[in-house]
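So this one's coords_3.csv, CSV, C-alpha atoms:
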```csv
chain,number,residue,atom,x,y,z
R,1,MET,CA,-134.3,-43.1,6.8
R,2,THR,CA,-135.1,-46.0,4.5
R,3,ILE,CA,-133.1,-46.0,1.3
R,4,GLU,CA,-135.2,-46.5,-1.8
R,5,VAL,CA,-133.5,-48.7,-4.3
R,6,CYS,CA,-135.1,-48.3,-7.8
R,7,GLY,CA,-135.1,-50.5,-10.8
R,8,TYR,CA,-135.5,-54.2,-11.5
R,9,CYS,CA,-134.1,-57.2,-9.7
R,10,ASP,CA,-134.9,-60.8,-10.3
R,11,ASP,CA,-136.0,-62.2,-6.9
R,12,LYS,CA,-133.0,-64.6,-6.9
R,13,PHE,CA,-130.8,-61.5,-6.5
R,14,SER,CA,-132.6,-59.7,-3.7
R,15,LYS,CA,-129.5,-59.9,-1.6
R,16,VAL,CA,-127.8,-57.5,-4.0
R,17,LYS,CA,-130.6,-55.0,-3.7
R,18,ASP,CA,-130.2,-55.1,0.1
R,19,LEU,CA,-126.4,-54.6,-0.2
R,20,LEU,CA,-126.8,-51.6,-2.4
R,21,ALA,CA,-129.3,-50.1,0.1
R,22,SER,CA,-127.0,-50.7,3.0
R,23,SER,CA,-124.1,-49.1,1.2
R,24,VAL,CA,-126.0,-45.9,0.6
R,25,GLN,CA,-127.6,-46.0,4.1
R,26,ALA,CA,-124.1,-46.2,5.6
R,27,GLY,CA,-122.8,-43.4,3.5
R,28,ASP,CA,-120.3,-45.5,1.7
R,29,ASP,CA,-122.2,-44.6,-1.5
R,30,LEU,CA,-123.9,-41.4,-2.3
R,31,GLY,CA,-125.4,-42.4,-5.6
R,32,ALA,CA,-124.8,-45.7,-7.4
R,33,SER,CA,-126.0,-48.2,-9.9
R,34,PHE,CA,-125.5,-51.9,-10.1
R,35,ALA,CA,-126.4,-54.2,-13.0
R,36,ALA,CA,-125.8,-57.7,-14.2
R,37,THR,CA,-126.7,-59.8,-17.2
R,38,VAL,CA,-126.9,-63.6,-17.6
R,39,ASP,CA,-127.1,-65.0,-21.1
R,40,GLY,CA,-127.5,-61.4,-22.3
R,41,GLU,CA,-130.7,-60.9,-20.1
R,42,MET,CA,-130.6,-58.0,-17.6
R,43,VAL,CA,-131.3,-59.8,-14.3
R,44,VAL,CA,-130.3,-56.9,-12.1
R,45,ASP,CA,-130.7,-53.2,-13.0
R,46,LEU,CA,-130.7,-51.1,-9.8
R,47,TRP,CA,-129.9,-47.6,-8.7
R,48,ALA,CA,-130.2,-45.6,-5.5
R,49,GLY,CA,-129.1,-42.4,-3.8
R,50,THR,CA,-128.5,-38.9,-5.2
R,51,THR,CA,-126.3,-37.3,-7.9
R,52,ASP,CA,-125.2,-34.3,-5.8
R,53,GLU,CA,-123.5,-33.7,-2.4
R,54,ALA,CA,-126.5,-31.7,-1.1
R,55,GLN,CA,-128.6,-34.8,-1.8
R,56,THR,CA,-131.3,-32.8,-3.5
R,57,SER,CA,-131.2,-34.6,-6.9
R,58,PRO,CA,-132.0,-38.3,-7.0
R,59,TRP,CA,-130.1,-40.7,-9.1
R,60,GLU,CA,-132.4,-41.5,-12.0
R,61,LYS,CA,-132.8,-44.4,-14.4
R,62,ASP,CA,-130.9,-42.5,-17.1
R,63,THR,CA,-128.2,-40.9,-14.8
R,64,ILE,CA,-124.7,-41.4,-16.2
R,65,VAL,CA,-121.3,-40.5,-14.8
R,66,ASN,CA,-117.7,-40.5,-15.8
R,67,VAL,CA,-116.4,-44.1,-15.1
R,68,TYR,CA,-112.7,-43.3,-15.7
R,69,SER,CA,-110.7,-46.5,-16.6
R,70,THR,CA,-113.7,-48.7,-16.9
R,71,THR,CA,-113.8,-46.9,-20.3
R,72,LYS,CA,-110.7,-48.9,-21.3
R,73,THR,CA,-112.8,-52.0,-21.8
R,74,MET,CA,-114.8,-50.1,-24.4
R,75,SER,CA,-111.6,-49.3,-26.3
R,76,PHE,CA,-110.6,-52.9,-26.1
R,77,LEU,CA,-113.9,-54.0,-27.8
R,78,CYS,CA,-113.3,-51.5,-30.6
R,79,ALA,CA,-109.9,-53.1,-31.3
R,80,LEU,CA,-111.4,-56.6,-31.0
R,81,VAL,CA,-114.1,-55.8,-33.5
R,82,LEU,CA,-111.5,-54.7,-36.1
R,83,ALA,CA,-109.4,-57.7,-35.4
R,84,ASP,CA,-112.4,-60.0,-35.9
R,85,ARG,CA,-113.0,-58.4,-39.3
R,86,GLY,CA,-109.4,-59.1,-40.3
R,87,GLN,CA,-108.4,-55.5,-40.3
R,88,LEU,CA,-106.2,-55.5,-37.3
R,89,ASP,CA,-103.5,-58.1,-36.2
R,90,PHE,CA,-102.6,-57.9,-32.5
R,91,ASP,CA,-99.2,-59.5,-33.3
R,92,ALA,CA,-98.3,-56.9,-36.0
R,93,SER,CA,-96.1,-53.9,-35.2
R,94,VAL,CA,-98.0,-50.7,-34.4
R,95,ALA,CA,-96.1,-49.0,-37.2
R,96,THR,CA,-97.9,-51.2,-39.7
R,97,TYR,CA,-101.0,-49.1,-39.1
R,98,TRP,CA,-99.3,-45.9,-37.7
R,99,PRO,CA,-96.0,-45.4,-39.5
R,100,GLU,CA,-95.0,-42.3,-37.5
R,101,PHE,CA,-94.9,-44.5,-34.4
R,102,ALA,CA,-91.7,-46.2,-35.5
R,103,GLN,CA,-89.4,-43.6,-33.8
R,104,ASN,CA,-87.0,-43.9,-30.9
R,105,GLY,CA,-86.7,-47.7,-30.9
R,106,LYS,CA,-90.5,-48.4,-31.2
R,107,GLU,CA,-90.3,-50.1,-34.6
R,108,ALA,CA,-91.0,-53.6,-33.1
R,109,VAL,CA,-93.7,-52.5,-30.6
R,110,LYS,CA,-96.7,-54.7,-31.3
R,111,VAL,CA,-100.4,-53.8,-31.1
R,112,TRP,CA,-100.9,-56.2,-28.2
R,113,HIS,CA,-98.3,-54.3,-26.2
R,114,LEU,CA,-100.6,-51.3,-26.5
R,115,MET,CA,-103.6,-53.4,-25.3
R,116,ASN,CA,-101.7,-54.8,-22.4
R,117,HIS,CA,-99.8,-51.8,-20.9
R,118,ALA,CA,-96.6,-53.2,-22.2
R,119,ALA,CA,-95.5,-50.5,-24.7
R,120,GLY,CA,-93.3,-48.6,-22.2
R,121,LEU,CA,-95.3,-45.4,-22.8
R,122,SER,CA,-97.3,-45.2,-19.5
R,123,GLY,CA,-96.8,-41.4,-19.3
R,124,LEU,CA,-95.5,-38.5,-21.4
R,125,GLU,CA,-91.9,-37.2,-21.3
R,126,VAL,CA,-92.8,-33.7,-22.6
R,127,PRO,CA,-94.8,-31.8,-20.0
R,128,VAL,CA,-98.5,-31.2,-21.0
R,129,SER,CA,-101.4,-29.4,-19.5
R,130,THR,CA,-104.9,-30.7,-18.9
R,131,SER,CA,-106.1,-28.7,-21.9
R,132,ASP,CA,-103.5,-30.4,-24.0
R,133,MET,CA,-105.3,-33.7,-23.4
R,134,TYR,CA,-108.2,-32.4,-25.5
R,135,ASP,CA,-105.8,-32.1,-28.5
R,136,TRP,CA,-105.7,-35.6,-30.0
R,137,ASP,CA,-103.1,-34.9,-32.6
R,138,LYS,CA,-100.7,-33.3,-30.1
R,139,ILE,CA,-100.9,-36.2,-27.6
R,140,THR,CA,-100.6,-38.9,-30.2
R,141,GLY,CA,-97.8,-37.0,-31.9
R,142,LEU,CA,-95.8,-36.9,-28.6
R,143,LEU,CA,-96.4,-40.6,-28.0
R,144,ALA,CA,-95.2,-41.4,-31.5
R,145,ALA,CA,-92.0,-39.5,-31.0
R,146,GLN,CA,-91.2,-40.7,-27.5
R,147,ALA,CA,-88.8,-43.5,-26.5
R,148,PRO,CA,-90.2,-46.3,-24.3
R,149,TRP,CA,-89.4,-46.1,-20.6
R,150,TRP,CA,-88.7,-49.9,-20.5
R,151,GLU,CA,-88.2,-52.6,-23.2
R,152,PRO,CA,-91.7,-53.1,-24.8
R,153,GLY,CA,-93.2,-56.5,-24.2
R,154,THR,CA,-91.1,-57.4,-21.2
R,155,ALA,CA,-93.3,-56.0,-18.5
R,156,THR,CA,-96.6,-54.2,-17.9
R,157,GLY,CA,-96.8,-50.6,-16.5
R,158,TYR,CA,-100.3,-49.3,-16.2
R,159,HIS,CA,-100.9,-46.8,-19.1
R,160,ALA,CA,-103.5,-44.9,-17.1
R,161,ILE,CA,-104.2,-42.2,-19.6
R,162,THR,CA,-102.0,-42.9,-22.6
R,163,GLN,CA,-103.4,-46.3,-23.5
R,164,GLY,CA,-106.6,-44.8,-24.9
R,165,TYR,CA,-104.7,-42.5,-27.3
R,166,LEU,CA,-102.5,-45.3,-28.4
R,167,ILE,CA,-105.3,-47.8,-29.1
R,168,GLY,CA,-107.5,-45.0,-30.4
R,169,GLU,CA,-104.9,-43.9,-33.0
R,170,VAL,CA,-104.6,-47.4,-34.4
R,171,VAL,CA,-108.4,-47.6,-34.6
R,172,LYS,CA,-108.5,-44.2,-36.3
R,173,ARG,CA,-105.8,-45.2,-38.9
R,174,ILE,CA,-107.6,-48.4,-39.8
R,175,SER,CA,-111.3,-47.2,-39.7
R,176,GLY,CA,-110.9,-43.5,-40.6
R,177,ARG,CA,-113.0,-42.7,-37.5
R,178,SER,CA,-112.1,-41.6,-34.0
R,179,LEU,CA,-112.5,-44.2,-31.4
R,180,GLY,CA,-115.5,-42.4,-29.9
R,181,GLN,CA,-117.2,-42.4,-33.2
R,182,PHE,CA,-116.3,-46.0,-34.0
R,183,PHE,CA,-117.6,-47.1,-30.6
R,184,ALA,CA,-120.9,-45.2,-31.0
R,185,GLU,CA,-121.6,-46.5,-34.5
R,186,GLU,CA,-120.3,-50.0,-34.3
R,187,ILE,CA,-121.0,-51.0,-30.7
R,188,ALA,CA,-123.2,-48.6,-28.6
R,189,GLN,CA,-125.9,-48.0,-31.2
R,190,PRO,CA,-126.4,-51.7,-32.3
R,191,LEU,CA,-126.7,-52.6,-28.6
R,192,ASP,CA,-128.8,-49.6,-27.7
R,193,ALA,CA,-126.3,-48.8,-24.9
R,194,ASP,CA,-126.2,-45.4,-23.2
R,195,PHE,CA,-122.4,-45.1,-23.1
R,196,HIS,CA,-120.4,-42.3,-24.6
R,197,ILE,CA,-116.7,-41.6,-25.3
R,198,GLY,CA,-117.1,-37.9,-26.1
R,199,VAL,CA,-120.5,-36.9,-24.7
R,200,PRO,CA,-123.0,-34.9,-26.8
R,201,GLU,CA,-124.1,-31.6,-25.1
R,202,ASP,CA,-127.7,-32.6,-25.1
R,203,VAL,CA,-126.8,-35.5,-22.7
R,204,PHE,CA,-125.0,-33.2,-20.2
R,205,PRO,CA,-128.2,-32.7,-18.0
R,206,ARG,CA,-128.2,-36.4,-17.2
R,207,ILE,CA,-124.5,-36.4,-16.0
R,208,GLY,CA,-124.0,-36.8,-12.2
R,209,CYS,CA,-120.9,-35.1,-10.9
R,210,LEU,CA,-118.1,-37.2,-9.4
R,211,ILE,CA,-117.3,-36.4,-5.8
R,212,PRO,CA,-113.7,-36.8,-4.9
R,213,PRO,CA,-112.5,-38.2,-1.5
R,214,GLY,CA,-113.2,-35.6,1.1
R,215,GLY,CA,-115.3,-33.6,-1.3
R,216,GLY,CA,-112.4,-31.6,-2.6
R,217,ASP,CA,-110.3,-32.0,-5.7
R,218,ALA,CA,-108.2,-35.2,-6.1
R,219,ASN,CA,-105.6,-36.6,-8.4
R,220,PRO,CA,-103.5,-39.8,-8.2
R,221,ALA,CA,-100.7,-38.7,-5.9
R,222,VAL,CA,-97.4,-40.6,-5.6
R,223,GLN,CA,-95.1,-40.6,-2.6
R,224,GLY,CA,-91.4,-41.2,-2.8
R,225,ASP,CA,-89.1,-41.0,-5.8
R,226,GLN,CA,-90.5,-38.4,-8.2
R,227,ASP,CA,-88.3,-39.7,-11.0
R,228,SER,CA,-89.8,-43.2,-10.8
R,229,ILE,CA,-92.0,-44.6,-13.6
R,230,VAL,CA,-94.9,-44.5,-11.2
R,231,ALA,CA,-94.5,-40.8,-10.4
R,232,ARG,CA,-93.9,-39.9,-14.1
R,233,THR,CA,-97.0,-41.9,-15.2
R,234,PHE,CA,-99.4,-40.1,-12.8
R,235,ARG,CA,-97.8,-36.7,-13.1
R,236,ASN,CA,-97.9,-36.3,-16.8
R,237,PRO,CA,-100.5,-36.0,-18.3
R,238,PRO,CA,-102.1,-34.5,-15.2
R,239,VAL,CA,-105.6,-35.7,-14.1
R,240,SER,CA,-107.9,-33.9,-11.7
R,241,ALA,CA,-111.2,-35.3,-10.6
R,242,LEU,CA,-113.0,-32.0,-10.6
R,243,GLU,CA,-112.0,-31.5,-14.3
R,244,SER,CA,-114.6,-34.2,-15.1
R,245,ARG,CA,-117.2,-31.7,-14.3
R,246,THR,CA,-116.2,-29.4,-17.2
R,247,SER,CA,-117.7,-29.4,-20.7
R,248,GLU,CA,-114.3,-29.6,-22.2
R,249,TRP,CA,-113.6,-32.9,-20.5
R,250,ARG,CA,-117.0,-34.3,-21.2
R,251,LYS,CA,-116.9,-33.5,-24.9
R,252,ALA,CA,-113.3,-34.7,-25.5
R,253,GLU,CA,-112.3,-38.2,-26.4
R,254,ILE,CA,-110.0,-39.7,-23.8
R,255,PRO,CA,-110.6,-43.4,-24.4
R,256,ALA,CA,-108.8,-44.6,-21.3
R,257,ALA,CA,-110.5,-42.3,-18.9
R,258,ASN,CA,-113.6,-40.2,-19.8
R,259,GLY,CA,-116.3,-42.6,-20.9
R,260,HIS,CA,-119.7,-41.8,-19.4
R,261,GLY,CA,-122.3,-44.4,-18.6
R,262,ASN,CA,-124.1,-46.3,-15.8
R,263,ALA,CA,-124.0,-49.9,-14.6
R,264,ARG,CA,-126.7,-50.8,-17.1
R,265,SER,CA,-124.9,-49.5,-20.2
R,266,VAL,CA,-121.5,-50.9,-19.1
R,267,ALA,CA,-123.0,-54.4,-18.4
R,268,ARG,CA,-125.0,-54.3,-21.6
R,269,VAL,CA,-122.0,-53.5,-23.8
R,270,GLN,CA,-119.7,-56.1,-22.2
R,271,SER,CA,-122.5,-58.8,-22.3
R,272,VAL,CA,-121.4,-59.3,-25.9
R,273,LEU,CA,-118.0,-60.6,-24.6
R,274,ALA,CA,-119.7,-62.6,-21.9
R,275,CYS,CA,-121.9,-64.3,-24.5
R,276,MET,CA,-119.1,-65.2,-26.8
R,277,GLY,CA,-119.6,-62.3,-29.2
R,278,GLU,CA,-123.4,-62.2,-29.7
R,279,VAL,CA,-126.3,-60.8,-27.7
R,280,ASP,CA,-129.9,-60.3,-28.8
R,281,GLY,CA,-129.1,-61.2,-32.3
R,282,VAL,CA,-126.3,-58.6,-32.6
R,283,ARG,CA,-123.0,-60.4,-33.3
R,284,LEU,CA,-119.9,-58.2,-32.9
R,285,LEU,CA,-117.3,-60.9,-32.4
R,286,SER,CA,-116.7,-64.5,-33.4
R,287,GLU,CA,-116.6,-67.0,-30.6
R,288,GLU,CA,-112.9,-67.5,-31.3
R,289,THR,CA,-112.1,-63.8,-30.8
R,290,ALA,CA,-114.2,-63.6,-27.7
R,291,LYS,CA,-112.4,-66.6,-26.2
R,292,SER,CA,-109.0,-65.1,-27.1
R,293,VAL,CA,-109.5,-62.4,-24.5
R,294,MET,CA,-109.1,-65.0,-21.7
R,295,ILE,CA,-105.7,-66.2,-22.9
R,296,GLU,CA,-102.9,-64.7,-20.9
R,297,ARG,CA,-100.5,-62.6,-22.9
R,298,ILE,CA,-98.3,-61.2,-20.2
R,299,SER,CA,-98.1,-61.3,-16.4
R,300,GLY,CA,-95.9,-60.1,-13.5
R,301,THR,CA,-95.6,-57.3,-11.0
R,302,ASP,CA,-96.9,-54.1,-12.8
R,303,LEU,CA,-94.3,-51.4,-12.9
R,304,VAL,CA,-96.9,-48.7,-12.1
R,305,LEU,CA,-99.5,-50.4,-9.9
R,306,GLY,CA,-96.9,-52.4,-8.0
R,307,VAL,CA,-99.0,-55.5,-7.8
R,308,PRO,CA,-99.1,-58.8,-9.7
R,309,MET,CA,-101.2,-58.5,-12.8
R,310,SER,CA,-102.2,-60.8,-15.6
R,311,PHE,CA,-103.6,-59.6,-18.9
R,312,GLY,CA,-105.4,-61.3,-21.8
R,313,LEU,CA,-106.1,-58.9,-24.7
R,314,GLY,CA,-106.5,-55.7,-22.8
R,315,TYR,CA,-108.7,-57.0,-20.0
R,316,GLY,CA,-107.2,-57.9,-16.6
R,317,LEU,CA,-107.7,-61.6,-15.9
R,318,ASN,CA,-109.2,-63.1,-12.7
R,319,PRO,CA,-106.4,-63.0,-10.2
R,320,VAL,CA,-105.3,-66.2,-8.5
R,321,VAL,CA,-105.0,-64.4,-5.2
R,322,SER,CA,-108.3,-62.8,-4.1
R,323,PRO,CA,-110.2,-63.7,-7.3
R,324,VAL,CA,-113.2,-61.6,-8.1
R,325,SER,CA,-115.2,-64.6,-9.3
R,326,PRO,CA,-115.2,-68.4,-8.6
R,327,SER,CA,-115.2,-69.0,-12.3
R,328,LYS,CA,-112.1,-69.6,-14.4
R,329,ASN,CA,-112.8,-67.6,-17.6
R,330,VAL,CA,-113.2,-64.2,-16.1
R,331,CYS,CA,-111.8,-60.8,-17.0
R,332,GLY,CA,-112.6,-57.1,-16.4
R,333,TRP,CA,-111.3,-53.8,-15.2
R,334,GLY,CA,-112.2,-50.9,-12.9
R,335,GLY,CA,-111.9,-47.2,-12.8
R,336,TRP,CA,-110.4,-44.6,-10.5
R,337,GLY,CA,-112.9,-44.0,-7.7
R,338,GLY,CA,-114.6,-47.3,-7.8
R,339,SER,CA,-116.5,-48.3,-11.0
R,340,VAL,CA,-115.9,-51.8,-12.3
R,341,ILE,CA,-116.9,-54.4,-14.9
R,342,VAL,CA,-116.6,-58.1,-14.6
R,343,VAL,CA,-117.1,-60.4,-17.6
R,344,ASP,CA,-117.6,-64.2,-16.8
R,345,GLN,CA,-117.8,-66.4,-19.9
R,346,ASP,CA,-118.3,-69.6,-17.8
R,347,VAL,CA,-121.7,-68.4,-16.6
R,348,ARG,CA,-122.2,-65.9,-19.5
R,349,ALA,CA,-122.5,-63.0,-17.1
R,350,SER,CA,-121.5,-59.4,-17.1
R,351,ILE,CA,-121.6,-57.4,-13.8
R,352,SER,CA,-121.0,-53.7,-13.3
R,353,TYR,CA,-121.0,-51.1,-10.6
R,354,VAL,CA,-120.9,-47.4,-11.2
R,355,MET,CA,-121.0,-44.6,-8.6
R,356,ASN,CA,-120.4,-40.9,-8.0
R,357,LYS,CA,-118.7,-40.9,-4.6
R,358,MET,CA,-115.1,-41.7,-5.3
R,359,ASN,CA,-112.7,-43.8,-3.2
R,360,ASP,CA,-108.9,-43.6,-3.6
R,361,GLY,CA,-108.5,-46.8,-5.5
R,362,LEU,CA,-107.8,-47.1,-9.2
R,363,THR,CA,-109.4,-50.5,-10.0
R,364,GLY,CA,-112.4,-51.0,-7.7
R,365,ASP,CA,-112.9,-51.3,-3.9
R,366,MET,CA,-115.0,-53.2,-1.3
R,367,ARG,CA,-118.3,-51.6,-2.4
R,368,SER,CA,-118.2,-53.3,-5.7
R,369,ALA,CA,-116.5,-56.4,-4.2
R,370,ASN,CA,-119.4,-56.9,-1.8
R,371,LEU,CA,-122.1,-56.5,-4.5
R,372,ILE,CA,-120.3,-58.9,-6.9
R,373,SER,CA,-119.9,-61.4,-4.1
R,374,GLY,CA,-123.6,-61.1,-3.4
R,375,PHE,CA,-124.4,-61.7,-7.1
R,376,TYR,CA,-122.3,-64.9,-7.2
R,377,GLN,CA,-123.8,-66.2,-3.9
R,378,SER,CA,-127.3,-65.6,-5.3
R,379,LEU,CA,-126.4,-67.1,-8.7
```

Starting from the file, give its structure as structure tokens.
Amino acid sequence: MTIEVCGYCDDKFSKVKDLLASSVQAGDDLGASFAATVDGEMVVDLWAGTTDEAQTSPWEKDTIVNVYSTTKTMSFLCALVLADRGQLDFDASVATYWPEFAQNGKEAVKVWHLMNHAAGLSGLEVPVSTSDMYDWDKITGLLAAQAPWWEPGTATGYHAITQGYLIGEVVKRISGRSLGQFFAEEIAQPLDADFHIGVPEDVFPRIGCLIPPGGGDANPAVQGDQDSIVARTFRNPPVSALESRTSEWRKAEIPAANGHGNARSVARVQSVLACMGEVDGVRLLSEETAKSVMIERISGTDLVLGVPMSFGLGYGLNPVVSPVSPSKNVCGWGGWGGSVIVVDQDVRASISYVMNKMNDGLTGDMRSANLISGFYQSL
């Protein structure tokens, strides 16, 4: 069976189209989209496969899915916009904007610590249920009261779920709007990007269901010491892949994990950062703020991921070992299951892959790596 790859692809990037077709043909992907912009222009916008395990419903141009932690990059942009307007100082204490946060030794925790997984709040001490995650005030209240699990600012420990609440509450205190609302009004709408943090019900019919490894449920499991920071991070709050299919999950705002979009919308939004703050006449950031993302704030072996990481303002920076790009000024992030975004300011490119068939990884896998490599070879 020949796999039909739909959409647009500049002839220069035909290799990427072939790679996507091969991935679906081989069964590595079920349904997926891949997009890339250069100088703000969409040079690749492709999709293929199906949105369901029975393979009866084709992935369409406007299909969107939950992209898990790729959502984090949207949260970062919200904070960057506020900082660019002079309303947020990344070097100020969080309590400057959120006074209740100054409990249990967190008086000196800085905003950039939240951005860079360095606040010591990678999980919750008080046990919560999945439904509790839909109660914004409950989760942010627990985080405000909790003591850090390590000295803030000394190391990173991936704040898989909690980061979105932490950044989101600062955005809410400053703007008077939830992060999902701020993102929609200040970023998605000006850029005409089909990305949602808190999905309207009328958009539900376009959502493709995520398919966990093996087709059953999945959640990040940790072997070994269950009292470790790693285990406590992934155990509480609890996350189940099949929960993403519920209306409660879709409608909630969980800005580290439940954003919905496709490769086109992810690449479109992040093209603003790739193009130094402005795309198609829409300026969201100054060039100075856009460049500041590439300046390393903290690095070292992450206490949760267990691998060397380097962070600018929120975004992970291009690793020295196994770089995702040959360029220097590159950042990005990926989501549980495989979605990913790469922002390259040197060639003014944004590159995204979004899929429905999940792999075990938290920040990308070989499917996206092959497509991104093909993009750079063609470029």

- Item | Straight-line distance linking atom CA of R:Ser129 with atom CA of R:Ile211, stated in Å to one decimal | 22.1 Å

- With all atoms listed in the file as the atoms that count, which of R:Glu107, R:Glu253, R:Glu100, R:Asp11 lies nearest to R:Val44? R:Asp11

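Of the listed residues (R:Gly123, R:Pro152, R:Pro319, R:Pro213), R:Pro213 comes nearest to R:Asn359; the distances count only C-alpha atoms.
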
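Across R:Asp10, R:Glu201, R:Asp84, R:Glu169, the tightest approach to R:Arg283 is made by R:Asp84 when counting all atoms listed in the file.
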
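Going from atom CA of R:Val126 over to atom CA of R:Pro237, you cover 9.1 Å.
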
- Message: Need the shell around stretch 53-59 of chain R: protein/DNA/RNA residues with any atom at most 7 Å away, counting all atoms listed in the file. Skip same-chain ones fewer than 5 positions apart. Format as number ranges by chain?
- Response: R: 31, 47-48

- Message: As an exercise, work out the distance from atom CA of R:Leu210 to atom CA of R:Asn356 in Å and give it to one decimal place.
- Response: 4.6 Å

Polymer residues at most 9 Å from R:Ile229, all atoms listed in the file, same-chain spacing of 4 or more positions, as a PDB file with C-alpha atoms, keeping the file's coordinate frame:
```
ATOM      1  CA  SER R 122     -97.300 -45.200 -19.500  1.00  0.00           C
ATOM      2  CA  GLY R 123     -96.800 -41.400 -19.300  1.00  0.00           C
ATOM      3  CA  TRP R 149     -89.400 -46.100 -20.600  1.00  0.00           C
ATOM      4  CA  GLY R 157     -96.800 -50.600 -16.500  1.00  0.00           C
ATOM      5  CA  THR R 233     -97.000 -41.900 -15.200  1.00  0.00           C
ATOM      6  CA  PHE R 234     -99.400 -40.100 -12.800  1.00  0.00           C
ATOM      7  CA  LEU R 303     -94.300 -51.400 -12.900  1.00  0.00           C
ATOM      8  CA  VAL R 304     -96.900 -48.700 -12.100  1.00  0.00           C
TER       9      VAL R 304
END
```

- Which polymer residues, protein or nucleic acid, are no farther than 9 Å from (-109.8, -44.7, -24.6), counting only C-alpha atoms, as a ChimeraX atom specification? /R:69,71-76,161-168,179-180,197,253-259

- Message: Please determine, counting all atoms listed in the file, which residue among R:Asp194, R:Asp28, R:Asp217, R:Asp202 has the shortest atom-to-atom distance to R:Arg367.
- Response: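 Of R:Asp194, R:Asp28, R:Asp217, R:Asp202, the one nearest R:Arg367, counting all atoms listed in the file, is R:Asp28.
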
- Task: Fewer than 2 positions away in the same chain doesn't count, so skip those; otherwise give me all residues within 10 Å of R:Lys61, counting all atoms listed in the file, as a list in words.
- Result: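 Those residues are Cys6, Gly7, Ser33, Asp45, Leu46, Trp47, Ala48, Pro58, Trp59, Thr63, Ile64, Arg206, Asn262 and Arg264 of chain R.
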
Take stretch 357-371 of chain R, bring it up to N, CA and C atoms, and give me the output as a PDB file, keeping the file's coordinate frame.
```pdb
ATOM      1  N   LYS R 357    -119.583 -41.203  -5.747  1.00  0.00           N
ATOM      2  CA  LYS R 357    -118.700 -40.900  -4.600  1.00  0.00           C
ATOM      3  C   LYS R 357    -117.421 -41.739  -4.790  1.00  0.00           C
ATOM      4  N   MET R 358    -116.318 -41.031  -5.010  1.00  0.00           N
ATOM      5  CA  MET R 358    -115.100 -41.700  -5.300  1.00  0.00           C
ATOM      6  C   MET R 358    -114.301 -42.142  -4.072  1.00  0.00           C
ATOM      7  N   ASN R 359    -113.714 -43.329  -4.164  1.00  0.00           N
ATOM      8  CA  ASN R 359    -112.700 -43.800  -3.200  1.00  0.00           C
ATOM      9  C   ASN R 359    -111.331 -43.546  -3.835  1.00  0.00           C
ATOM     10  N   ASP R 360    -110.281 -43.821  -3.082  1.00  0.00           N
ATOM     11  CA  ASP R 360    -108.900 -43.600  -3.600  1.00  0.00           C
ATOM     12  C   ASP R 360    -108.448 -44.566  -4.601  1.00  0.00           C
ATOM     13  N   GLY R 361    -109.021 -45.758  -4.626  1.00  0.00           N
ATOM     14  CA  GLY R 361    -108.500 -46.800  -5.500  1.00  0.00           C
ATOM     15  C   GLY R 361    -108.631 -46.587  -6.954  1.00  0.00           C
ATOM     16  N   LEU R 362    -107.780 -47.274  -7.712  1.00  0.00           N
ATOM     17  CA  LEU R 362    -107.800 -47.100  -9.200  1.00  0.00           C
ATOM     18  C   LEU R 362    -108.565 -48.195  -9.887  1.00  0.00           C
ATOM     19  N   THR R 363    -108.771 -49.341  -9.270  1.00  0.00           N
ATOM     20  CA  THR R 363    -109.400 -50.500 -10.000  1.00  0.00           C
ATOM     21  C   THR R 363    -110.458 -51.176  -9.145  1.00  0.00           C
ATOM     22  N   GLY R 364    -111.285 -50.419  -8.434  1.00  0.00           N
ATOM     23  CA  GLY R 364    -112.400 -51.000  -7.700  1.00  0.00           C
ATOM     24  C   GLY R 364    -112.063 -51.016  -6.168  1.00  0.00           C
ATOM     25  N   ASP R 365    -113.092 -51.290  -5.343  1.00  0.00           N
ATOM     26  CA  ASP R 365    -112.900 -51.300  -3.900  1.00  0.00           C
ATOM     27  C   ASP R 365    -113.972 -52.237  -3.288  1.00  0.00           C
ATOM     28  N   MET R 366    -114.130 -52.189  -1.975  1.00  0.00           N
ATOM     29  CA  MET R 366    -115.000 -53.200  -1.300  1.00  0.00           C
ATOM     30  C   MET R 366    -116.474 -52.959  -1.594  1.00  0.00           C
ATOM     31  N   ARG R 367    -116.872 -51.782  -2.025  1.00  0.00           N
ATOM     32  CA  ARG R 367    -118.300 -51.600  -2.400  1.00  0.00           C
ATOM     33  C   ARG R 367    -118.684 -52.501  -3.515  1.00  0.00           C
ATOM     34  N   SER R 368    -117.896 -52.479  -4.581  1.00  0.00           N
ATOM     35  CA  SER R 368    -118.200 -53.300  -5.700  1.00  0.00           C
ATOM     36  C   SER R 368    -117.922 -54.804  -5.366  1.00  0.00           C
ATOM     37  N   ALA R 369    -116.872 -55.052  -4.589  1.00  0.00           N
ATOM     38  CA  ALA R 369    -116.500 -56.400  -4.200  1.00  0.00           C
ATOM     39  C   ALA R 369    -117.688 -57.090  -3.467  1.00  0.00           C
ATOM     40  N   ASN R 370    -118.320 -56.346  -2.570  1.00  0.00           N
ATOM     41  CA  ASN R 370    -119.400 -56.900  -1.800  1.00  0.00           C
ATOM     42  C   ASN R 370    -120.638 -57.205  -2.716  1.00  0.00           C
ATOM     43  N   LEU R 371    -120.926 -56.300  -3.638  1.00  0.00           N
ATOM     44  CA  LEU R 371    -122.100 -56.500  -4.500  1.00  0.00           C
ATOM     45  C   LEU R 371    -121.802 -57.679  -5.484  1.00  0.00           C
TER      46      LEU R 371
END
```
